[in-house]
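Trainee: Supplied structure: protein33.pdb, PDB, C-alpha atoms, pLDDT in the B column.
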```
ATOM      1  CA  MET A1012     123.160 116.939  80.461  1.00 67.00           C
ATOM      2  CA  SER A1013     124.272 120.220  78.942  1.00 82.00           C
ATOM      3  CA  PHE A1014     124.692 121.180  75.324  1.00 88.00           C
ATOM      4  CA  VAL A1015     126.564 124.196  74.035  1.00 89.00           C
ATOM      5  CA  CYS A1016     127.169 126.198  70.904  1.00 91.00           C
ATOM      6  CA  LYS A1017     129.122 129.341  70.131  1.00 92.00           C
ATOM      7  CA  TYR A1018     127.991 132.680  68.781  1.00 95.00           C
ATOM      8  CA  ASN A1019     130.440 135.147  67.278  1.00 96.00           C
ATOM      9  CA  SER A1020     129.306 138.557  68.464  1.00 96.00           C
ATOM     10  CA  PRO A1021     130.862 141.887  67.457  1.00 96.00           C
ATOM     11  CA  ILE A1022     132.526 142.043  70.889  1.00 95.00           C
ATOM     12  CA  GLY A1023     133.682 138.457  71.309  1.00 94.00           C
ATOM     13  CA  THR A1024     132.685 134.822  71.248  1.00 92.00           C
ATOM     14  CA  ILE A1025     129.681 133.877  73.366  1.00 94.00           C
ATOM     15  CA  ILE A1026     129.081 130.379  74.707  1.00 92.00           C
ATOM     16  CA  ILE A1027     125.394 129.450  74.775  1.00 94.00           C
ATOM     17  CA  ALA A1028     124.319 126.559  77.026  1.00 92.00           C
ATOM     18  CA  SER A1029     121.096 124.570  77.164  1.00 92.00           C
ATOM     19  CA  ASP A1030     119.572 121.536  78.826  1.00 90.00           C
ATOM     20  CA  GLY A1031     118.128 120.683  75.403  1.00 91.00           C
ATOM     21  CA  GLU A1032     114.931 122.700  75.861  1.00 94.00           C
ATOM     22  CA  CYS A1033     115.770 125.955  77.647  1.00 95.00           C
ATOM     23  CA  LEU A1034     118.620 128.412  77.745  1.00 95.00           C
ATOM     24  CA  THR A1035     120.717 127.727  80.856  1.00 93.00           C
ATOM     25  CA  GLY A1036     123.790 129.854  80.200  1.00 92.00           C
ATOM     26  CA  LEU A1037     125.127 132.710  78.084  1.00 94.00           C
ATOM     27  CA  TYR A1038     128.759 133.560  78.735  1.00 92.00           C
ATOM     28  CA  PHE A1039     131.533 135.488  77.062  1.00 92.00           C
ATOM     29  CA  GLU A1040     134.363 133.101  76.342  1.00 87.00           C
ATOM     30  CA  GLY A1041     136.869 133.309  79.192  1.00 82.00           C
ATOM     31  CA  GLN A1042     134.634 135.192  81.603  1.00 81.00           C
ATOM     32  CA  LYS A1043     134.660 134.684  85.375  1.00 74.00           C
ATOM     33  CA  TYR A1044     132.237 132.239  86.969  1.00 72.00           C
ATOM     34  CA  ILE A1045     131.606 130.161  83.844  1.00 74.00           C
ATOM     35  CA  ASP A1046     130.576 126.599  84.621  1.00 69.00           C
ATOM     36  CA  LYS A1047     133.756 124.681  83.735  1.00 69.00           C
ATOM     37  CA  ASN A1048     131.677 121.574  82.910  1.00 68.00           C
ATOM     38  CA  LEU A1049     130.177 123.478  79.981  1.00 68.00           C
ATOM     39  CA  LEU A1050     133.524 123.555  78.270  1.00 66.00           C
ATOM     40  CA  GLU A1051     133.374 119.753  78.104  1.00 65.00           C
ATOM     41  CA  SER A1052     129.731 119.661  76.942  1.00 66.00           C
ATOM     42  CA  LYS A1053     128.634 118.391  73.572  1.00 67.00           C
ATOM     43  CA  TYR A1054     128.521 120.995  70.797  1.00 72.00           C
ATOM     44  CA  ILE A1055     125.260 120.552  68.938  1.00 77.00           C
ATOM     45  CA  ASP A1056     122.641 122.610  67.120  1.00 83.00           C
ATOM     46  CA  LEU A1057     119.254 122.843  68.836  1.00 91.00           C
ATOM     47  CA  PRO A1058     116.111 124.962  68.269  1.00 95.00           C
ATOM     48  CA  ILE A1059     116.812 126.846  71.527  1.00 96.00           C
ATOM     49  CA  PHE A1060     120.206 127.848  70.145  1.00 95.00           C
ATOM     50  CA  GLU A1061     118.598 129.183  66.968  1.00 96.00           C
ATOM     51  CA  LYS A1062     116.124 131.258  69.053  1.00 97.00           C
ATOM     52  CA  THR A1063     118.957 132.579  71.213  1.00 97.00           C
ATOM     53  CA  LYS A1064     121.094 133.447  68.184  1.00 97.00           C
ATOM     54  CA  LYS A1065     118.132 135.328  66.645  1.00 98.00           C
ATOM     55  CA  TRP A1066     117.732 137.251  69.918  1.00 98.00           C
ATOM     56  CA  LEU A1067     121.456 138.096  69.883  1.00 98.00           C
ATOM     57  CA  ASP A1068     121.307 139.136  66.195  1.00 98.00           C
ATOM     58  CA  VAL A1069     118.512 141.609  66.977  1.00 98.00           C
ATOM     59  CA  TYR A1070     120.302 142.863  70.090  1.00 98.00           C
ATOM     60  CA  PHE A1071     123.651 143.392  68.367  1.00 97.00           C
ATOM     61  CA  SER A1072     121.872 145.279  65.565  1.00 96.00           C
ATOM     62  CA  GLY A1073     121.173 147.907  68.258  1.00 95.00           C
ATOM     63  CA  LYS A1074     117.512 147.060  68.864  1.00 95.00           C
ATOM     64  CA  ALA A1075     115.629 145.688  71.850  1.00 96.00           C
ATOM     65  CA  PRO A1076     114.446 142.151  71.026  1.00 96.00           C
ATOM     66  CA  LYS A1077     110.696 141.728  71.407  1.00 95.00           C
ATOM     67  CA  PHE A1078     110.966 138.094  72.529  1.00 95.00           C
ATOM     68  CA  THR A1079     112.990 136.106  75.028  1.00 95.00           C
ATOM     69  CA  PRO A1080     114.095 132.518  74.547  1.00 97.00           C
ATOM     70  CA  PRO A1081     112.851 130.095  77.234  1.00 97.00           C
ATOM     71  CA  ILE A1082     115.193 130.331  80.244  1.00 95.00           C
ATOM     72  CA  LEU A1083     115.880 127.868  83.042  1.00 93.00           C
ATOM     73  CA  LEU A1084     117.833 129.130  86.050  1.00 89.00           C
ATOM     74  CA  LYS A1085     119.227 126.029  87.730  1.00 81.00           C
ATOM     75  CA  SER A1086     119.295 125.564  91.507  1.00 67.00           C
ATOM     76  CA  VAL A1087     119.800 129.103  92.673  1.00 77.00           C
ATOM     77  CA  SER A1088     119.178 130.611  96.085  1.00 89.00           C
ATOM     78  CA  GLN A1089     116.019 132.608  96.659  1.00 90.00           C
ATOM     79  CA  PHE A1090     118.133 135.753  97.023  1.00 93.00           C
ATOM     80  CA  ARG A1091     119.932 135.280  93.697  1.00 92.00           C
ATOM     81  CA  LYS A1092     116.638 134.520  91.962  1.00 91.00           C
ATOM     82  CA  MET A1093     115.190 137.759  93.364  1.00 93.00           C
ATOM     83  CA  VAL A1094     118.225 139.739  92.146  1.00 94.00           C
ATOM     84  CA  TRP A1095     118.105 138.119  88.690  1.00 93.00           C
ATOM     85  CA  ASP A1096     114.345 138.808  88.433  1.00 93.00           C
ATOM     86  CA  ILE A1097     115.062 142.499  89.068  1.00 95.00           C
ATOM     87  CA  LEU A1098     117.857 142.433  86.482  1.00 95.00           C
ATOM     88  CA  ALA A1099     115.474 140.985  83.903  1.00 94.00           C
ATOM     89  CA  GLN A1100     113.182 143.999  84.367  1.00 95.00           C
ATOM     90  CA  ILE A1101     115.802 146.646  83.517  1.00 96.00           C
ATOM     91  CA  PRO A1102     114.768 147.958  80.091  1.00 95.00           C
ATOM     92  CA  PHE A1103     117.047 148.187  77.055  1.00 95.00           C
ATOM     93  CA  GLY A1104     118.924 151.494  77.177  1.00 93.00           C
ATOM     94  CA  LYS A1105     118.382 152.036  80.921  1.00 94.00           C
ATOM     95  CA  THR A1106     120.634 151.464  83.913  1.00 93.00           C
ATOM     96  CA  THR A1107     120.269 151.062  87.642  1.00 93.00           C
ATOM     97  CA  THR A1108     122.690 150.782  90.562  1.00 93.00           C
ATOM     98  CA  TYR A1109     123.467 148.015  93.005  1.00 93.00           C
ATOM     99  CA  GLY A1110     122.160 150.310  95.760  1.00 93.00           C
ATOM    100  CA  GLU A1111     118.847 150.873  93.973  1.00 95.00           C
ATOM    101  CA  MET A1112     118.443 147.127  93.556  1.00 95.00           C
ATOM    102  CA  ALA A1113     119.200 146.599  97.265  1.00 95.00           C
ATOM    103  CA  LYS A1114     116.436 149.088  98.114  1.00 96.00           C
ATOM    104  CA  GLN A1115     113.983 147.211  95.874  1.00 95.00           C
ATOM    105  CA  ILE A1116     114.767 143.946  97.648  1.00 95.00           C
ATOM    106  CA  GLU A1117     114.457 145.624 101.045  1.00 94.00           C
ATOM    107  CA  GLU A1118     111.015 146.972 100.041  1.00 94.00           C
ATOM    108  CA  LYS A1119     109.897 143.482  98.956  1.00 91.00           C
ATOM    109  CA  THR A1120     111.282 141.534 101.910  1.00 91.00           C
ATOM    110  CA  GLY A1121     111.492 144.032 104.739  1.00 93.00           C
ATOM    111  CA  LYS A1122     115.101 142.935 105.267  1.00 93.00           C
ATOM    112  CA  ARG A1123     118.120 145.173 104.868  1.00 93.00           C
ATOM    113  CA  VAL A1124     120.364 144.138 101.975  1.00 93.00           C
ATOM    114  CA  SER A1125     123.755 145.563 101.102  1.00 92.00           C
ATOM    115  CA  ALA A1126     124.711 146.732  97.636  1.00 91.00           C
ATOM    116  CA  GLN A1127     127.712 144.376  97.918  1.00 91.00           C
ATOM    117  CA  ALA A1128     125.415 141.368  98.432  1.00 93.00           C
ATOM    118  CA  VAL A1129     123.459 142.405  95.355  1.00 94.00           C
ATOM    119  CA  GLY A1130     126.738 142.765  93.454  1.00 91.00           C
ATOM    120  CA  GLY A1131     127.732 139.224  94.418  1.00 89.00           C
ATOM    121  CA  ALA A1132     124.466 137.841  93.061  1.00 91.00           C
ATOM    122  CA  VAL A1133     124.670 139.969  89.909  1.00 92.00           C
ATOM    123  CA  SER A1134     128.194 138.734  89.188  1.00 88.00           C
ATOM    124  CA  HIS A1135     127.012 135.113  89.168  1.00 88.00           C
ATOM    125  CA  ASN A1136     124.233 135.706  86.632  1.00 91.00           C
ATOM    126  CA  PRO A1137     124.521 132.746  84.238  1.00 91.00           C
ATOM    127  CA  ILE A1138     122.649 134.381  81.351  1.00 94.00           C
ATOM    128  CA  SER A1139     124.438 137.624  80.624  1.00 93.00           C
ATOM    129  CA  ILE A1140     123.047 140.144  78.148  1.00 96.00           C
ATOM    130  CA  ILE A1141     119.539 138.585  78.123  1.00 97.00           C
ATOM    131  CA  ILE A1142     119.407 138.953  81.915  1.00 95.00           C
ATOM    132  CA  PRO A1143     121.150 142.321  81.609  1.00 95.00           C
ATOM    133  CA  CYS A1144     123.693 142.524  84.417  1.00 92.00           C
ATOM    134  CA  HIS A1145     125.707 144.964  82.289  1.00 93.00           C
ATOM    135  CA  ARG A1146     123.021 147.583  83.022  1.00 94.00           C
ATOM    136  CA  VAL A1147     123.970 147.762  86.705  1.00 94.00           C
ATOM    137  CA  LEU A1148     126.389 150.487  87.752  1.00 90.00           C
ATOM    138  CA  GLY A1149     128.054 151.477  90.970  1.00 86.00           C
ATOM    139  CA  THR A1150     127.265 154.747  92.727  1.00 81.00           C
ATOM    140  CA  GLY A1151     127.835 157.816  90.569  1.00 78.00           C
ATOM    141  CA  GLY A1152     128.116 155.872  87.313  1.00 74.00           C
ATOM    142  CA  ASN A1153     131.056 153.694  88.334  1.00 79.00           C
ATOM    143  CA  LEU A1154     131.632 150.829  85.906  1.00 81.00           C
ATOM    144  CA  THR A1155     132.185 148.327  88.673  1.00 81.00           C
ATOM    145  CA  GLY A1156     132.966 144.714  87.831  1.00 75.00           C
ATOM    146  CA  TYR A1157     131.485 142.668  85.049  1.00 81.00           C
ATOM    147  CA  ALA A1158     132.233 138.954  84.793  1.00 80.00           C
ATOM    148  CA  GLY A1159     132.708 139.299  81.023  1.00 83.00           C
ATOM    149  CA  GLY A1160     135.127 142.211  81.477  1.00 84.00           C
ATOM    150  CA  ILE A1161     134.675 145.971  81.778  1.00 86.00           C
ATOM    151  CA  ASP A1162     135.437 146.384  78.056  1.00 88.00           C
ATOM    152  CA  LYS A1163     132.412 144.188  77.233  1.00 92.00           C
ATOM    153  CA  LYS A1164     130.183 146.039  79.703  1.00 91.00           C
ATOM    154  CA  LEU A1165     131.172 149.363  78.158  1.00 91.00           C
ATOM    155  CA  ALA A1166     130.564 148.063  74.618  1.00 93.00           C
ATOM    156  CA  LEU A1167     127.101 146.745  75.567  1.00 95.00           C
ATOM    157  CA  LEU A1168     126.112 150.045  77.195  1.00 94.00           C
ATOM    158  CA  LYS A1169     127.393 151.946  74.155  1.00 94.00           C
ATOM    159  CA  LEU A1170     125.390 149.643  71.868  1.00 95.00           C
ATOM    160  CA  GLU A1171     122.277 150.534  73.880  1.00 95.00           C
ATOM    161  CA  GLY A1172     122.837 154.233  73.244  1.00 93.00           C
ATOM    162  CA  HIS A1173     124.495 155.376  76.459  1.00 89.00           C
ATOM    163  CA  ASP A1174     126.960 158.254  76.468  1.00 84.00           C
ATOM    164  CA  THR A1175     129.756 156.203  77.973  1.00 79.00           C
ATOM    165  CA  SER A1176     131.978 159.244  78.546  1.00 79.00           C
ATOM    166  CA  LYS A1177     129.927 159.877  81.711  1.00 79.00           C
ATOM    167  CA  PHE A1178     130.876 156.553  83.278  1.00 76.00           C
ATOM    168  CA  LYS A1179     133.788 156.200  85.678  1.00 77.00           C
ATOM    169  CA  PHE A1180     136.231 153.344  85.384  1.00 74.00           C
ATOM    170  CA  PRO A1181     137.252 151.277  88.402  1.00 67.00           C
ATOM    171  CA  LYS A1182     140.504 152.252  90.040  1.00 65.00           C
ATOM    172  CA  LYS A1183     143.359 149.881  89.284  1.00 58.00           C
ATOM    173  CA  SER A1184     144.790 148.228  92.339  1.00 47.00           C
ATOM    174  CA  ALA A1185     148.506 148.746  92.890  1.00 43.00           C
TER
END
```
Translate this file's structure into structure tokens.

Mentor:
Amino acid sequence: MSFVCKYNSPIGTIIIASDGECLTGLYFEGQKYIDKNLLESKYIDLPIFEKTKKWLDVYFSGKAPKFTPPILLKSVSQFRKMVWDILAQIPFGKTTTYGEMAKQIEEKTGKRVSAQAVGGAVSHNPISIIIPCHRVLGTGGNLTGYAGGIDKKLALLKLEGHDTSKFKFPKKSA
């Protein structure tokens, strides 16, 4: 069973999901790849939601939180888990690229991995911001996709102190 609550952040409403003990989801309202069942979950207040809201309060004040709420990543492939573990290690105020992450996985496994495969796993991260998928850029500082929207990704990077004028926006398809 899933429980949810909402958090009103400076850049939009966030849906927080839990199994009752651990954080299982953190999504911007309306973002891609949100578990549709969550929208029918029971809205309730739980200790895990209070911890998560405190984390978000610290984060949106422009500081790196010094704690992480307990997280449970449900039934994910070994590859996605590896990608999300790398994401979780990207420090506040830093960025990496999909290609750099692919190289890290290749070094660990000995198997060649494409940046596109990494991007697919990153885009399905169920716990955005805390598992910081917004810190991953395309080659040359391209602001490639973000399930919550490029505007949110840009705002999060700006909040972390990045000079966002150096980033390149994705080309609009005709």

Trainee: If we count only C-alpha atoms and set the cut-off at 8 Å, which residues sit around Tyr1054 of chain A, ignoring sequence neighbours fewer than 2 positions away in its own chain? Please answer as a list in words.

Mentor: Phe1014, Val1015, Cys1016, Ser1052 and Asp1056 of chain A

Trainee: For segment 1139-1155 of chain A, please output as a ChimeraX atom specification all residues within 7 Å (counting all atoms listed in the file; exclusion window: fewer than 2 positions along the same chain).

Mentor: /A:1037-1038,1095,1098-1099,1105-1109,1133,1136-1137,1157,1164,1178-1181

Trainee: Can you list, as a list in words, every protein, DNA or RNA residue that comes within 9 Å of segment 1172-1177 of chain A when you count all atoms listed in the file, leaving out same-chain residues fewer than 4 positions away?

Mentor: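 After dropping sequence-adjacent residues, the list is Gly1073, Gly1104, Lys1105, Gly1152, Leu1165, Ala1166, Leu1167 and Leu1168 of chain A.
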
Trainee: For atom CA of Ala1126 of chain A and atom CA of Ala1113 of chain A, quote the distance in Å rounded to one decimal.

Mentor: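 Going from atom CA of Ala1126 of chain A over to atom CA of Ala1113 of chain A, I get 5.5 Å.
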
Trainee: Measuring between only C-alpha atoms, which one of A:Thr1024, A:Thr1035, A:Gln1115, A:Ser1029 shows the shortest distance to Ile1138 of chain A?

Mentor: A:Thr1035

Trainee: Show me, as JSON, numbers by chain, the residues that have an atom within 9 Å of segment 1086-1090 of chain A when counting all atoms listed in the file, minus same-chain residues fewer than 4 positions from it.

Mentor: {"A": [1094, 1095, 1116, 1129, 1132]}

Trainee: May I have the residues within 10 Å of Glu1040 of chain A as a PyMOL selection string, using all atoms listed in the file and disregarding those fewer than 5 positions away in the same chain?

Mentor: chain A and resi 1017-1018+1023-1027+1045+1050+1159

Trainee: I need the residue nearest Ile1082 of chain A from this list: A:Tyr1044, A:Tyr1070, A:Phe1039, A:Phe1060. Use only C-alpha atoms for the distance.

Mentor: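 So, comparing all the options, the nearest one is A:Phe1060.
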
Trainee: Could you tell me which of A:Arg1091, A:Lys1122, A:Lys1077, A:Lys1062 comes closest to His1135 of chain A if we count only C-alpha atoms?

Mentor: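 Nearest candidate to His1135 of chain A out of A:Arg1091, A:Lys1122, A:Lys1077, A:Lys1062: A:Arg1091.
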
Trainee: Closest to Thr1079 of chain A among A:Arg1123, A:Glu1117, A:Glu1111, A:Leu1034, using all atoms listed in the file?

Mentor: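 That would be A:Leu1034, the residue with the smallest distance to Thr1079 of chain A.
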
Trainee: Which of these residues is nearest to Glu1032 of chain A, using all atoms listed in the file: A:Gly1160, A:Pro1076, A:Gly1110, A:Pro1081?

Mentor: A:Pro1081

Trainee: With N, CA, C and O atoms as the target, complete segment 1061-1078 of chain A and hand it back as an mmCIF file, in the coordinates of the input.

Mentor:
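Result went into result_35.cif, see below:
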```
data_model
loop_
_atom_site.group_PDB
_atom_site.id
_atom_site.type_symbol
_atom_site.label_atom_id
_atom_site.label_comp_id
_atom_site.auth_asym_id
_atom_site.auth_seq_id
_atom_site.Cartn_x
_atom_site.Cartn_y
_atom_site.Cartn_z
ATOM 1 N N GLU A 1061 119.021 128.328 68.081
ATOM 2 C CA GLU A 1061 118.598 129.183 66.968
ATOM 3 C C GLU A 1061 117.813 130.386 67.488
ATOM 4 O O GLU A 1061 118.013 131.512 67.032
ATOM 5 N N LYS A 1062 116.896 130.154 68.456
ATOM 6 C CA LYS A 1062 116.124 131.258 69.053
ATOM 7 C C LYS A 1062 117.052 132.256 69.748
ATOM 8 O O LYS A 1062 116.887 133.467 69.631
ATOM 9 N N THR A 1063 118.023 131.719 70.481
ATOM 10 C CA THR A 1063 118.957 132.579 71.213
ATOM 11 C C THR A 1063 119.818 133.379 70.247
ATOM 12 O O THR A 1063 120.042 134.580 70.447
ATOM 13 N N LYS A 1064 120.287 132.740 69.186
ATOM 14 C CA LYS A 1064 121.094 133.447 68.184
ATOM 15 C C LYS A 1064 120.273 134.541 67.499
ATOM 16 O O LYS A 1064 120.795 135.636 67.236
ATOM 17 N N LYS A 1065 118.995 134.289 67.237
ATOM 18 C CA LYS A 1065 118.132 135.328 66.645
ATOM 19 C C LYS A 1065 117.996 136.507 67.615
ATOM 20 O O LYS A 1065 118.039 137.663 67.211
ATOM 21 N N TRP A 1066 117.821 136.195 68.903
ATOM 22 C CA TRP A 1066 117.732 137.251 69.918
ATOM 23 C C TRP A 1066 119.015 138.082 69.894
ATOM 24 O O TRP A 1066 118.966 139.316 69.880
ATOM 25 N N LEU A 1067 120.164 137.399 69.894
ATOM 26 C CA LEU A 1067 121.456 138.096 69.883
ATOM 27 C C LEU A 1067 121.654 138.902 68.607
ATOM 28 O O LEU A 1067 122.185 140.017 68.655
ATOM 29 N N ASP A 1068 121.215 138.389 67.460
ATOM 30 C CA ASP A 1068 121.307 139.136 66.195
ATOM 31 C C ASP A 1068 120.545 140.451 66.283
ATOM 32 O O ASP A 1068 121.043 141.499 65.884
ATOM 33 N N VAL A 1069 119.320 140.391 66.823
ATOM 34 C CA VAL A 1069 118.512 141.609 66.977
ATOM 35 C C VAL A 1069 119.210 142.563 67.936
ATOM 36 O O VAL A 1069 119.373 143.753 67.656
ATOM 37 N N TYR A 1070 119.650 142.048 69.073
ATOM 38 C CA TYR A 1070 120.302 142.863 70.090
ATOM 39 C C TYR A 1070 121.542 143.559 69.527
ATOM 40 O O TYR A 1070 121.714 144.770 69.676
ATOM 41 N N PHE A 1071 122.415 142.804 68.879
ATOM 42 C CA PHE A 1071 123.651 143.392 68.367
ATOM 43 C C PHE A 1071 123.428 144.279 67.141
ATOM 44 O O PHE A 1071 124.347 144.981 66.724
ATOM 45 N N SER A 1072 122.198 144.313 66.615
ATOM 46 C CA SER A 1072 121.872 145.279 65.565
ATOM 47 C C SER A 1072 121.475 146.619 66.193
ATOM 48 O O SER A 1072 121.158 147.572 65.497
ATOM 49 N N GLY A 1073 121.471 146.671 67.539
ATOM 50 C CA GLY A 1073 121.173 147.907 68.258
ATOM 51 C C GLY A 1073 119.713 148.075 68.623
ATOM 52 O O GLY A 1073 119.278 149.160 69.000
ATOM 53 N N LYS A 1074 118.943 146.999 68.550
ATOM 54 C CA LYS A 1074 117.512 147.060 68.864
ATOM 55 C C LYS A 1074 117.189 146.175 70.070
ATOM 56 O O LYS A 1074 117.888 145.197 70.333
ATOM 57 N N ALA A 1075 116.102 146.507 70.736
ATOM 58 C CA ALA A 1075 115.629 145.688 71.850
ATOM 59 C C ALA A 1075 114.807 144.532 71.289
ATOM 60 O O ALA A 1075 113.787 144.766 70.644
ATOM 61 N N PRO A 1076 115.245 143.284 71.507
ATOM 62 C CA PRO A 1076 114.446 142.151 71.026
ATOM 63 C C PRO A 1076 113.064 142.140 71.676
ATOM 64 O O PRO A 1076 112.921 142.489 72.843
ATOM 65 N N LYS A 1077 112.071 141.742 70.905
ATOM 66 C CA LYS A 1077 110.696 141.728 71.407
ATOM 67 C C LYS A 1077 110.276 140.338 71.882
ATOM 68 O O LYS A 1077 109.095 140.087 72.099
ATOM 69 N N PHE A 1078 111.236 139.445 72.034
ATOM 70 C CA PHE A 1078 110.966 138.094 72.529
ATOM 71 C C PHE A 1078 112.150 137.667 73.391
ATOM 72 O O PHE A 1078 113.225 138.259 73.314
#
```
